[in-house]
Amino acid sequence: MHPQHKQTEDNEFPALLVGTGLALASLILVPALAQRVGLGASVTIALRGLLMRAANRA
């Protein structure tokens, strides 16, 4: 394994964790919190969309 390849893997892992966390938050936490607070469905969908886009960028 080349040192540069190892460094690339080290840099990708935190980004993968952040992306996975944001995706889980958008699928589980946002709808649960929205229901608890009383947000409408359209606001919940918009928040989920924002989190999913952020997850794709991470």
# chains A, B, ... in the order shown; residues from 1 in each chain; ligands from 1
$ residues_around --residues "Thr44 in chain A" --least-positions-apart "5" --cutoff "9 Å" --atoms "only C-alpha atoms" --output "MDAnalysis selection string"
chainID A and resid 30:31 34:35 39 49
$ residues_around --residues "range 18-20 of chain A" --least-positions-apart "4" --cutoff "9 Å" --atoms "only C-alpha atoms" --output "mmCIF file with C-alpha atoms, in the first residue's frame"
data_model
loop_
_atom_site.group_PDB
_atom_site.id
_atom_site.type_symbol
_atom_site.label_atom_id
_atom_site.label_comp_id
_atom_site.auth_asym_id
_atom_site.auth_seq_id
_atom_site.Cartn_x
_atom_site.Cartn_y
_atom_site.Cartn_z
ATOM 1 C CA PHE A 13 -13.319 7.981 6.696
ATOM 2 C CA PRO A 14 -14.357 11.080 8.716
ATOM 3 C CA LEU A 24 -29.510 9.030 9.427
ATOM 4 C CA ALA A 25 -30.500 12.343 10.978
ATOM 5 C CA MET A 52 -29.334 14.827 2.382
ATOM 6 C CA ALA A 54 -25.167 18.142 3.031
ATOM 7 C CA ALA A 55 -24.540 14.405 3.407
ATOM 8 C CA ASN A 56 -23.687 14.124 -0.275
ATOM 9 C CA ARG A 57 -21.180 16.963 -0.025
ATOM 10 C CA ALA A 58 -19.453 15.524 3.053
#
$ atom_distance --atom1 "CA of Gly38 in chain A" --atom2 "CA of Leu51 in chain A"
19.1 Å
$ atom_distance --atom1 "CA of Ala32 in chain A" --atom2 "CA of Leu50 in chain A"
16.2 Å
